[in-house]
Amino acid sequence: TFPQLRDGLADAATLARFERTLEETSNGVQRIVSTINELKLFARIPEGAFSTPVDVNRLVRSAIVLTKSEIRHRASLVTDLDESLPLLPGDHARLGQVFVNLLFNAAQAIPPGDVTHHVVRIETRSVKDCIRIRIADTGVGIPHEVLPRIFDPFFSTSPDGGIGLGLAISADLVRQMGGSIEVESLPGSGSSFTVELPVRDVDSSVAVPSPVTERGRVMIIEDEPVLASAMARQLAERFDVE
């Protein structure tokens, strides 16, 4: 095929297949780049940086990027973000982990394969002296008898046998920021998790972290040599690739 393409001898069907392969590879690489950039936002904040101004909406959008592959086979994603939210003093990595945990939990509550009938909704609001983040799903819901234990460590209602730490960790991280997290659920109709974070003054001299632009490093592990080479070529513009 490659000699035919090089010499201009490939027929229309071969060219079409090659074009589709290149497009699919390019799209896949761009998803990898996007995910890596979002992970940098979560990973580059110094431990204990609670005075760093946090843009809640930006963290929500990053969490969506990191969880959308889990959500897209189960539900439509609806976002309703208040763009007038103030910055909060906090820790980007920890608060981002809360949003990732809650979105992943919402996705897991919905059986795969019926996207048109299910929704995961995330909204942000400025309410009095706090910022409210609500993540709701139309999944199986939580039985009333276990609802009081939902934030207990190692307690899980997941049919996949989860270890039950995601919600417990999320609740602890929210409390560390002086906030609260509550859940409402109706079996068979879904659940809604609400996080409220108090609005406090932030040190305006500390800049909001911007996306990391220095050259990163990527290792590709792929059993198809042609695909690995194609990914490496595209990533090489922005990363050192092995």
# chains A, B, ... in the order shown; residues from 1 in each chain; ligands from 1

call {"tool": "select_by_dssp", "arguments": {"residues": "region 131-199 of chain A", "states": "alpha helix (DSSP H)", "output": "PDB file with C-alpha atoms, in the first residue's frame"}}
result
ATOM      1  CA  GLY A 166     -13.937   7.624  46.236  1.00  0.00           C
ATOM      2  CA  LEU A 167     -16.816   9.251  48.128  1.00  0.00           C
ATOM      3  CA  ALA A 168     -15.069   8.991  51.489  1.00  0.00           C
ATOM      4  CA  ILE A 169     -11.989  10.750  50.115  1.00  0.00           C
ATOM      5  CA  SER A 170     -14.145  13.373  48.393  1.00  0.00           C
ATOM      6  CA  ALA A 171     -16.025  14.168  51.608  1.00  0.00           C
ATOM      7  CA  ASP A 172     -12.760  14.517  53.550  1.00  0.00           C
ATOM      8  CA  LEU A 173     -11.199  16.812  50.933  1.00  0.00           C
ATOM      9  CA  VAL A 174     -14.282  19.044  50.877  1.00  0.00           C
ATOM     10  CA  ARG A 175     -14.237  19.302  54.675  1.00  0.00           C
ATOM     11  CA  GLN A 176     -10.559  20.298  54.565  1.00  0.00           C
TER      12      GLN A 176
END

call {"tool": "residues_around", "arguments": {"residues": "Ile131 (chain A)", "least_positions_apart": "4", "cutoff": "8 Å", "atoms": "only C-alpha atoms", "output": "list in words"}}
result
Leu85, Thr124, Arg125, Ser126, Val127, Glu196, Leu197, Pro198 and Val199 of chain A

call {"tool": "atom_distance", "arguments": {"atom1": "CA of Val65 (chain A)", "atom2": "CA of Ser229 (chain A)"}}
result
25.1 Å

call {"tool": "residues_around", "arguments": {"residues": "region 9-25 of chain A", "least_positions_apart": "6", "cutoff": "12 Å", "atoms": "only C-alpha atoms", "output": "list in words"}}
result
Thr1, Phe2, Pro3, Arg31, Ile32, Val226, Leu227, Ala228, Ser229, Ala230, Met231, Ala232, Arg233, Gln234 and Leu235 of chain A

call {"tool": "write_last_selection", "arguments": {"atoms": "all heavy atoms", "output": "mmCIF file, in the first residue's frame"}}
result
data_model
loop_
_atom_site.group_PDB
_atom_site.id
_atom_site.type_symbol
_atom_site.label_atom_id
_atom_site.label_comp_id
_atom_site.auth_asym_id
_atom_site.auth_seq_id
_atom_site.Cartn_x
_atom_site.Cartn_y
_atom_site.Cartn_z
ATOM 1 N N THR A 1 0.822 -1.204 0.000
ATOM 2 C CA THR A 1 0.000 0.000 0.000
ATOM 3 C C THR A 1 0.856 1.255 0.000
ATOM 4 O O THR A 1 0.614 2.182 -0.773
ATOM 5 C CB THR A 1 -0.931 0.011 1.216
ATOM 6 O OG1 THR A 1 -1.772 -1.141 1.159
ATOM 7 C CG2 THR A 1 -1.797 1.260 1.211
ATOM 8 N N PHE A 2 1.879 1.299 0.863
ATOM 9 C CA PHE A 2 2.701 2.504 0.941
ATOM 10 C C PHE A 2 3.452 2.779 -0.362
ATOM 11 O O PHE A 2 3.487 3.931 -0.817
ATOM 12 C CB PHE A 2 3.685 2.401 2.115
ATOM 13 C CG PHE A 2 3.035 2.616 3.447
ATOM 14 C CD1 PHE A 2 2.747 1.547 4.270
ATOM 15 C CD2 PHE A 2 2.676 3.897 3.879
ATOM 16 C CE1 PHE A 2 2.133 1.729 5.491
ATOM 17 C CE2 PHE A 2 2.064 4.086 5.096
ATOM 18 C CZ PHE A 2 1.789 3.010 5.910
ATOM 19 N N PRO A 3 4.049 1.754 -1.008
ATOM 20 C CA PRO A 3 4.663 2.033 -2.317
ATOM 21 C C PRO A 3 3.655 2.535 -3.345
ATOM 22 O O PRO A 3 3.967 3.412 -4.159
ATOM 23 C CB PRO A 3 5.247 0.661 -2.727
ATOM 24 C CG PRO A 3 5.489 -0.044 -1.435
ATOM 25 C CD PRO A 3 4.364 0.382 -0.546
ATOM 26 N N ARG A 31 -6.810 13.383 21.557
ATOM 27 C CA ARG A 31 -7.446 13.063 22.844
ATOM 28 C C ARG A 31 -6.401 12.783 23.913
ATOM 29 O O ARG A 31 -6.553 13.166 25.074
ATOM 30 C CB ARG A 31 -8.389 11.865 22.677
ATOM 31 C CG ARG A 31 -9.667 12.192 21.906
ATOM 32 C CD ARG A 31 -10.722 11.116 22.107
ATOM 33 N NE ARG A 31 -10.294 9.831 21.570
ATOM 34 C CZ ARG A 31 -10.509 9.447 20.321
ATOM 35 N NH1 ARG A 31 -11.139 10.247 19.467
ATOM 36 N NH2 ARG A 31 -10.115 8.264 19.897
ATOM 37 N N ILE A 32 -5.324 12.103 23.518
ATOM 38 C CA ILE A 32 -4.239 11.834 24.467
ATOM 39 C C ILE A 32 -3.609 13.139 24.941
ATOM 40 O O ILE A 32 -3.381 13.355 26.136
ATOM 41 C CB ILE A 32 -3.174 10.927 23.822
ATOM 42 C CG1 ILE A 32 -3.748 9.531 23.581
ATOM 43 C CG2 ILE A 32 -1.931 10.834 24.700
ATOM 44 C CD1 ILE A 32 -2.852 8.631 22.776
ATOM 45 N N VAL A 226 2.699 0.136 13.589
ATOM 46 C CA VAL A 226 2.314 1.252 12.717
ATOM 47 C C VAL A 226 1.573 2.319 13.513
ATOM 48 O O VAL A 226 1.837 3.522 13.372
ATOM 49 C CB VAL A 226 1.429 0.734 11.554
ATOM 50 C CG1 VAL A 226 0.892 1.910 10.739
ATOM 51 C CG2 VAL A 226 2.238 -0.198 10.657
ATOM 52 N N LEU A 227 0.652 1.895 14.380
ATOM 53 C CA LEU A 227 -0.084 2.850 15.197
ATOM 54 C C LEU A 227 0.841 3.555 16.182
ATOM 55 O O LEU A 227 0.750 4.768 16.375
ATOM 56 C CB LEU A 227 -1.213 2.134 15.950
ATOM 57 C CG LEU A 227 -2.077 3.001 16.861
ATOM 58 C CD1 LEU A 227 -2.714 4.143 16.091
ATOM 59 C CD2 LEU A 227 -3.151 2.155 17.532
ATOM 60 N N ALA A 228 1.754 2.792 16.784
ATOM 61 C CA ALA A 228 2.698 3.397 17.722
ATOM 62 C C ALA A 228 3.555 4.459 17.038
ATOM 63 O O ALA A 228 3.792 5.544 17.588
ATOM 64 C CB ALA A 228 3.586 2.325 18.350
ATOM 65 N N SER A 229 4.001 4.158 15.844
ATOM 66 C CA SER A 229 4.836 5.123 15.101
ATOM 67 C C SER A 229 4.048 6.370 14.745
ATOM 68 O O SER A 229 4.551 7.494 14.844
ATOM 69 C CB SER A 229 5.385 4.466 13.830
ATOM 70 O OG SER A 229 6.239 3.389 14.153
ATOM 71 N N ALA A 230 2.792 6.188 14.320
ATOM 72 C CA ALA A 230 1.968 7.340 13.965
ATOM 73 C C ALA A 230 1.719 8.231 15.188
ATOM 74 O O ALA A 230 1.781 9.461 15.101
ATOM 75 C CB ALA A 230 0.638 6.864 13.375
ATOM 76 N N MET A 231 1.432 7.618 16.324
ATOM 77 C CA MET A 231 1.223 8.392 17.551
ATOM 78 C C MET A 231 2.500 9.129 17.939
ATOM 79 O O MET A 231 2.465 10.300 18.337
ATOM 80 C CB MET A 231 0.775 7.455 18.679
ATOM 81 C CG MET A 231 -0.595 6.832 18.456
ATOM 82 S SD MET A 231 -0.958 5.511 19.642
ATOM 83 C CE MET A 231 -0.988 6.435 21.166
ATOM 84 N N ALA A 232 3.629 8.449 17.835
ATOM 85 C CA ALA A 232 4.900 9.058 18.217
ATOM 86 C C ALA A 232 5.219 10.271 17.361
ATOM 87 O O ALA A 232 5.676 11.301 17.855
ATOM 88 C CB ALA A 232 6.031 8.026 18.114
ATOM 89 N N ARG A 233 4.951 10.171 16.056
ATOM 90 C CA ARG A 233 5.251 11.293 15.163
ATOM 91 C C ARG A 233 4.436 12.524 15.538
ATOM 92 O O ARG A 233 4.944 13.649 15.541
ATOM 93 C CB ARG A 233 4.983 10.900 13.711
ATOM 94 C CG ARG A 233 6.053 10.049 13.087
ATOM 95 C CD ARG A 233 5.901 9.991 11.575
ATOM 96 N NE ARG A 233 4.634 9.365 11.195
ATOM 97 C CZ ARG A 233 4.481 8.055 11.047
ATOM 98 N NH1 ARG A 233 5.485 7.235 11.245
ATOM 99 N NH2 ARG A 233 3.308 7.553 10.697
ATOM 100 N N GLN A 234 3.160 12.344 15.850
ATOM 101 C CA GLN A 234 2.324 13.502 16.156
ATOM 102 C C GLN A 234 2.628 14.072 17.547
ATOM 103 O O GLN A 234 2.629 15.281 17.745
ATOM 104 C CB GLN A 234 0.848 13.117 16.058
ATOM 105 C CG GLN A 234 0.438 12.782 14.632
ATOM 106 C CD GLN A 234 -1.045 12.984 14.404
ATOM 107 O OE1 GLN A 234 -1.655 13.882 14.963
ATOM 108 N NE2 GLN A 234 -1.634 12.155 13.566
ATOM 109 N N LEU A 235 2.889 13.209 18.501
ATOM 110 C CA LEU A 235 3.191 13.686 19.853
ATOM 111 C C LEU A 235 4.568 14.347 19.935
ATOM 112 O O LEU A 235 4.819 15.157 20.828
ATOM 113 C CB LEU A 235 3.128 12.524 20.851
ATOM 114 C CG LEU A 235 1.728 12.011 21.192
ATOM 115 C CD1 LEU A 235 1.824 10.706 21.964
ATOM 116 C CD2 LEU A 235 0.961 13.039 22.003
#

call {"tool": "residues_around", "arguments": {"residues": "region 67-83 of chain A", "least_positions_apart": "3", "cutoff": "12 Å", "atoms": "only C-alpha atoms", "output": "ChimeraX atom specification"}}
result
/A:31-32,34-35,38-39,55-64,86-87,96-97,99-127,131-139

call {"tool": "closest_residue", "arguments": {"among": "A:Met177, A:Ile142, A:Leu88, A:Met219", "to": "Ser191 (chain A)", "atoms": "only C-alpha atoms"}}
result
A:Ile142

call {"tool": "closest_residue", "arguments": {"among": "A:Arg200, A:Gly188, A:Asn27, A:Ser180", "to": "Asp129 (chain A)", "atoms": "only C-alpha atoms"}}
result
A:Arg200

call {"tool": "residues_around", "arguments": {"residues": "Val146 (chain A)", "least_positions_apart": "2", "cutoff": "12 Å", "atoms": "only C-alpha atoms", "output": "JSON, numbers by chain"}}
result
{"A": [141, 142, 143, 144, 148, 149, 150, 151, 152, 155, 156, 157, 183, 185, 186, 187]}

call {"tool": "write_last_selection", "arguments": {"atoms": "C-alpha atoms", "output": "PDB file, in the first residue's frame"}}
result
ATOM      1  CA  GLY A 141     -30.136   5.528  42.870  1.00  0.00           C
ATOM      2  CA  ILE A 142     -29.076   4.560  46.382  1.00  0.00           C
ATOM      3  CA  PRO A 143     -31.238   2.439  48.696  1.00  0.00           C
ATOM      4  CA  HIS A 144     -32.578   4.393  51.685  1.00  0.00           C
ATOM      5  CA  PRO A 148     -26.380   7.249  55.722  1.00  0.00           C
ATOM      6  CA  ARG A 149     -23.239   5.180  55.098  1.00  0.00           C
ATOM      7  CA  ILE A 150     -22.459   6.438  51.621  1.00  0.00           C
ATOM      8  CA  PHE A 151     -19.430   8.487  52.752  1.00  0.00           C
ATOM      9  CA  ASP A 152     -18.009   5.759  55.029  1.00  0.00           C
ATOM     10  CA  PHE A 155     -18.397   1.139  51.868  1.00  0.00           C
ATOM     11  CA  SER A 156     -19.496   0.536  48.281  1.00  0.00           C
ATOM     12  CA  THR A 157     -22.761  -0.122  46.476  1.00  0.00           C
ATOM     13  CA  VAL A 183     -26.432  13.540  48.753  1.00  0.00           C
ATOM     14  CA  SER A 185     -31.200   9.906  46.100  1.00  0.00           C
ATOM     15  CA  LEU A 186     -34.323   8.089  45.050  1.00  0.00           C
ATOM     16  CA  PRO A 187     -33.937   4.406  44.161  1.00  0.00           C
TER      17      PRO A 187
END

call {"tool": "atom_distance", "arguments": {"atom1": "CA of Ile181 (chain A)", "atom2": "CA of Leu147 (chain A)"}}
result
13.3 Å

call {"tool": "atom_distance", "arguments": {"atom1": "CA of Lys128 (chain A)", "atom2": "CA of Val54 (chain A)"}}
result
18.2 Å

call {"tool": "closest_residue", "arguments": {"among": "A:His92, A:Val241, A:Glu184, A:Gly190", "to": "Val140 (chain A)", "atoms": "only C-alpha atoms"}}
result
A:Gly190

call {"tool": "closest_residue", "arguments": {"among": "A:Glu145, A:Gly179, A:Leu66, A:Asp240", "to": "Gly90 (chain A)", "atoms": "only C-alpha atoms"}}
result
A:Gly179
